Amino acid sequence: MRSTTRNKSIDEFAKDKFKGIKTNDKFYPFKMRYINIKPRNKSLSNTIIILDNSKACFELSKKNKKAKDYYIEVQFNGLYQPSKQIEAEVWKILSKMIKRFKAYSVDIACDFDDDLAVSKPREFKHQERFSKLKIFGDFHTYKTSMYINNPQSKYYKLERILLYDKYEKQKYYHKENIKREFVRWKRLELTLKIKDKFLDRIENDINDALDLMQDYLRMIGIWHFNMRMILEQTKYLNNPRWAKTFKPYALAS
């Protein structure tokens, strides 16, 4: 286990990703550490991130009347990235973790093609789309990402909705050579609060998330919703002996 400062690439990505959960307690300083599952890895995929004294840790400690530094937060990020190879070992480790510990939250995402840009000038258009599904909340657009915080809807009580330009992010932020055919690539990502054993809750809780995704895609004219990947991932978590490496297919040769 090392400090993220030992790996420049991981440190930069981690600082950007976790800036919203950083705390400023001089007695219990916020720390980021990592374990590389894949040798010489330089991304948050294939990496276990350990966060000390995050906002979630402080909230849990206060709620359960524990010392401020009683809990640590462990994150597995980027479990499905068409531009990266995700090692089978990730699923074997994660399977053991979720069977032993309670999950605090989980992100569920779907990828699709769309011509409507994700940007500040187009924020109102996206708000109109979500309002048709009776989804409201605090909209905030930053560069090519749009966040809906505190969303209110008929669906499962979501913690957050994120819509972003996946092509732009992978090509210009991560500096990956993405195939031109993916230029319309967008991702819709839903954050669910679990606070329980993942496999005990996810079968029921995931249905509303999938309903939202399917309703959103149908609204923009996409009628085929392929759940093969999420079913495969769930199978690996239940029985990691089936786990296999996911190969990248979005990179240009």
# chains A, B, ... in the order shown; residues from 1 in each chain; ligands from 1
>>> select_by_dssp(residues="range 37-129 of chain A", states="helix (DSSP H, G or I)", output="ChimeraX atom specification")
/A:55-63,88-100,120-129
>>> residues_around(residues="Arg218 in chain A", least_positions_apart="4", cutoff="12 Å", atoms="only C-alpha atoms", output="PDB file with C-alpha atoms, in the first residue's frame")
ATOM      1  CA  PHE A 112     -24.734   5.230 -25.710  1.00  0.00           C
ATOM      2  CA  ARG A 129     -34.987  15.774 -21.279  1.00  0.00           C
ATOM      3  CA  LYS A 132     -39.871  14.696 -19.294  1.00  0.00           C
ATOM      4  CA  LEU A 133     -38.999  11.787 -17.008  1.00  0.00           C
ATOM      5  CA  ASP A 211     -35.648   1.452 -15.447  1.00  0.00           C
ATOM      6  CA  LEU A 212     -34.344   5.024 -15.404  1.00  0.00           C
ATOM      7  CA  MET A 213     -31.633   4.219 -17.936  1.00  0.00           C
ATOM      8  CA  GLN A 214     -34.053   2.394 -20.213  1.00  0.00           C
ATOM      9  CA  ILE A 222     -32.559   4.272 -28.471  1.00  0.00           C
ATOM     10  CA  TRP A 223     -34.692   1.151 -28.089  1.00  0.00           C
ATOM     11  CA  HIS A 224     -32.056  -1.533 -27.625  1.00  0.00           C
ATOM     12  CA  PHE A 225     -30.772  -1.669 -24.038  1.00  0.00           C
TER      13      PHE A 225
END
>>> closest_residue(among="A:Met1, A:Ile86, A:Ile49, A:Ile220", to="Lys17 in chain A", atoms="only C-alpha atoms")
A:Ile49
>>> residues_around(residues="Ile50 in chain A", least_positions_apart="2", cutoff="6 Å", atoms="only C-alpha atoms", output="number ranges by chain")
A: 32-34, 73-74
>>> atom_distance(atom1="CA of His140 in chain A", atom2="CA of Leu217 in chain A")
21.1 Å
>>> select_by_dssp(residues="range 178-242 of chain A", states="strand (DSSP E or B)", output="PyMOL selection string")
chain A and resi 178+185-196
>>> write_last_selection(atoms="C-alpha atoms", output="short mmCIF file (atom, residue, chain, number, x, y, z; two decimals), in the first residue's frame")
data_model
loop_
_atom_site.label_atom_id
_atom_site.label_comp_id
_atom_site.auth_asym_id
_atom_site.auth_seq_id
_atom_site.Cartn_x
_atom_site.Cartn_y
_atom_site.Cartn_z
CA ILE A 178 -9.96 6.56 -29.14
CA TRP A 185 -20.00 8.37 -27.06
CA LYS A 186 -21.84 9.53 -23.92
CA ARG A 187 -22.20 7.93 -20.49
CA LEU A 188 -25.08 8.14 -17.99
CA GLU A 189 -23.94 7.27 -14.48
CA LEU A 190 -26.16 6.80 -11.42
CA THR A 191 -24.88 6.76 -7.84
CA LEU A 192 -26.90 4.65 -5.40
CA LYS A 193 -26.45 4.61 -1.64
CA ILE A 194 -26.41 0.98 -0.48
CA LYS A 195 -25.10 0.92 3.12
CA ASP A 196 -25.56 -2.85 3.27
#
>>> residues_around(residues="Lys235 in chain A", least_positions_apart="4", cutoff="12 Å", atoms="only C-alpha atoms", output="list in words")
Trp91, Lys92, Ser95, Leu199, Glu203, Arg228, Met229, Ile230, Leu231, Asn239, Pro240, Arg241, Trp242, Ala243 and Lys244 of chain A
>>> atom_distance(atom1="CA of Ile202 in chain A", atom2="CA of Lys154 in chain A")
18.2 Å
>>> atom_distance(atom1="CA of Met146 in chain A", atom2="CA of Asp113 in chain A")
16.3 Å
>>> residues_around(residues="range 167-174 of chain A", least_positions_apart="5", cutoff="8 Å", atoms="only C-alpha atoms", output="list in words")
Ser83, Thr144, Phe182, Val183, Arg184, Trp185 and Lys186 of chain A
>>> write_last_selection(atoms="N, CA and C atoms", output="short mmCIF file (atom, residue, chain, number, x, y, z; two decimals), in the first residue's frame")
data_model
loop_
_atom_site.label_atom_id
_atom_site.label_comp_id
_atom_site.auth_asym_id
_atom_site.auth_seq_id
_atom_site.Cartn_x
_atom_site.Cartn_y
_atom_site.Cartn_z
N SER A 83 -11.84 1.38 -23.15
CA SER A 83 -10.52 1.78 -23.62
C SER A 83 -9.39 1.23 -22.74
N THR A 144 -17.45 19.17 -19.93
CA THR A 144 -18.31 18.25 -20.70
C THR A 144 -19.01 17.24 -19.78
N PHE A 182 -16.26 6.45 -32.17
CA PHE A 182 -16.83 6.66 -30.83
C PHE A 182 -17.05 8.15 -30.52
N VAL A 183 -17.02 9.01 -31.53
CA VAL A 183 -17.07 10.45 -31.30
C VAL A 183 -18.37 10.90 -30.63
N ARG A 184 -19.46 10.12 -30.75
CA ARG A 184 -20.75 10.48 -30.14
C ARG A 184 -20.98 9.77 -28.80
N TRP A 185 -19.93 9.21 -28.26
CA TRP A 185 -20.00 8.37 -27.06
C TRP A 185 -20.32 9.20 -25.81
N LYS A 186 -21.45 8.88 -25.18
CA LYS A 186 -21.84 9.53 -23.92
C LYS A 186 -22.03 8.45 -22.86
#
>>> decode(residues="range 18-67 of chain A", atoms="C-alpha atoms", output="mmCIF file, in the first residue's frame")
data_model
loop_
_atom_site.group_PDB
_atom_site.id
_atom_site.type_symbol
_atom_site.label_atom_id
_atom_site.label_comp_id
_atom_site.auth_asym_id
_atom_site.auth_seq_id
_atom_site.Cartn_x
_atom_site.Cartn_y
_atom_site.Cartn_z
ATOM 1 C CA PHE A 18 -11.753 13.001 -4.924
ATOM 2 C CA LYS A 19 -11.479 16.760 -4.481
ATOM 3 C CA GLY A 20 -15.180 16.893 -3.520
ATOM 4 C CA ILE A 21 -14.781 14.519 -0.568
ATOM 5 C CA LYS A 22 -11.558 15.955 0.809
ATOM 6 C CA THR A 23 -11.680 17.151 4.417
ATOM 7 C CA ASN A 24 -9.536 19.768 6.153
ATOM 8 C CA ASP A 25 -9.114 18.496 9.698
ATOM 9 C CA LYS A 26 -5.582 19.175 10.926
ATOM 10 C CA PHE A 27 -5.811 16.402 13.536
ATOM 11 C CA TYR A 28 -7.261 13.825 11.132
ATOM 12 C CA PRO A 29 -5.779 14.718 7.723
ATOM 13 C CA PHE A 30 -7.249 13.409 4.489
ATOM 14 C CA LYS A 31 -4.967 10.806 2.886
ATOM 15 C CA MET A 32 -5.066 8.846 -0.366
ATOM 16 C CA ARG A 33 -3.280 5.521 -0.757
ATOM 17 C CA TYR A 34 -3.425 2.861 -3.437
ATOM 18 C CA ILE A 35 -2.700 -0.773 -4.258
ATOM 19 C CA ASN A 36 -1.931 -1.622 -7.869
ATOM 20 C CA ILE A 37 -3.590 -4.837 -9.023
ATOM 21 C CA LYS A 38 -1.931 -4.578 -12.425
ATOM 22 C CA PRO A 39 1.860 -4.012 -12.468
ATOM 23 C CA ARG A 40 2.973 -0.587 -13.743
ATOM 24 C CA ASN A 41 -0.636 0.564 -13.866
ATOM 25 C CA LYS A 42 -1.185 4.317 -14.315
ATOM 26 C CA SER A 43 -4.969 4.644 -14.095
ATOM 27 C CA LEU A 44 -7.645 4.304 -11.406
ATOM 28 C CA SER A 45 -8.858 1.127 -13.112
ATOM 29 C CA ASN A 46 -7.096 -1.997 -11.787
ATOM 30 C CA THR A 47 -6.321 -0.037 -8.618
ATOM 31 C CA ILE A 48 -7.674 -0.180 -5.067
ATOM 32 C CA ILE A 49 -7.956 3.322 -3.620
ATOM 33 C CA ILE A 50 -7.885 3.702 0.184
ATOM 34 C CA LEU A 51 -9.133 7.000 1.598
ATOM 35 C CA ASP A 52 -8.488 8.034 5.194
ATOM 36 C CA ASN A 53 -10.653 10.706 6.842
ATOM 37 C CA SER A 54 -12.990 11.359 3.905
ATOM 38 C CA LYS A 55 -16.361 13.072 4.308
ATOM 39 C CA ALA A 56 -18.170 9.719 4.249
ATOM 40 C CA CYS A 57 -15.857 8.357 6.961
ATOM 41 C CA PHE A 58 -16.512 11.362 9.194
ATOM 42 C CA GLU A 59 -20.285 11.090 8.646
ATOM 43 C CA LEU A 60 -20.307 7.399 9.595
ATOM 44 C CA SER A 61 -18.101 7.991 12.632
ATOM 45 C CA LYS A 62 -20.405 10.733 13.892
ATOM 46 C CA LYS A 63 -23.547 8.683 13.241
ATOM 47 C CA ASN A 64 -22.184 5.598 15.025
ATOM 48 C CA LYS A 65 -20.429 7.567 17.788
ATOM 49 C CA LYS A 66 -16.952 6.370 16.870
ATOM 50 C CA ALA A 67 -13.597 8.119 16.763
#
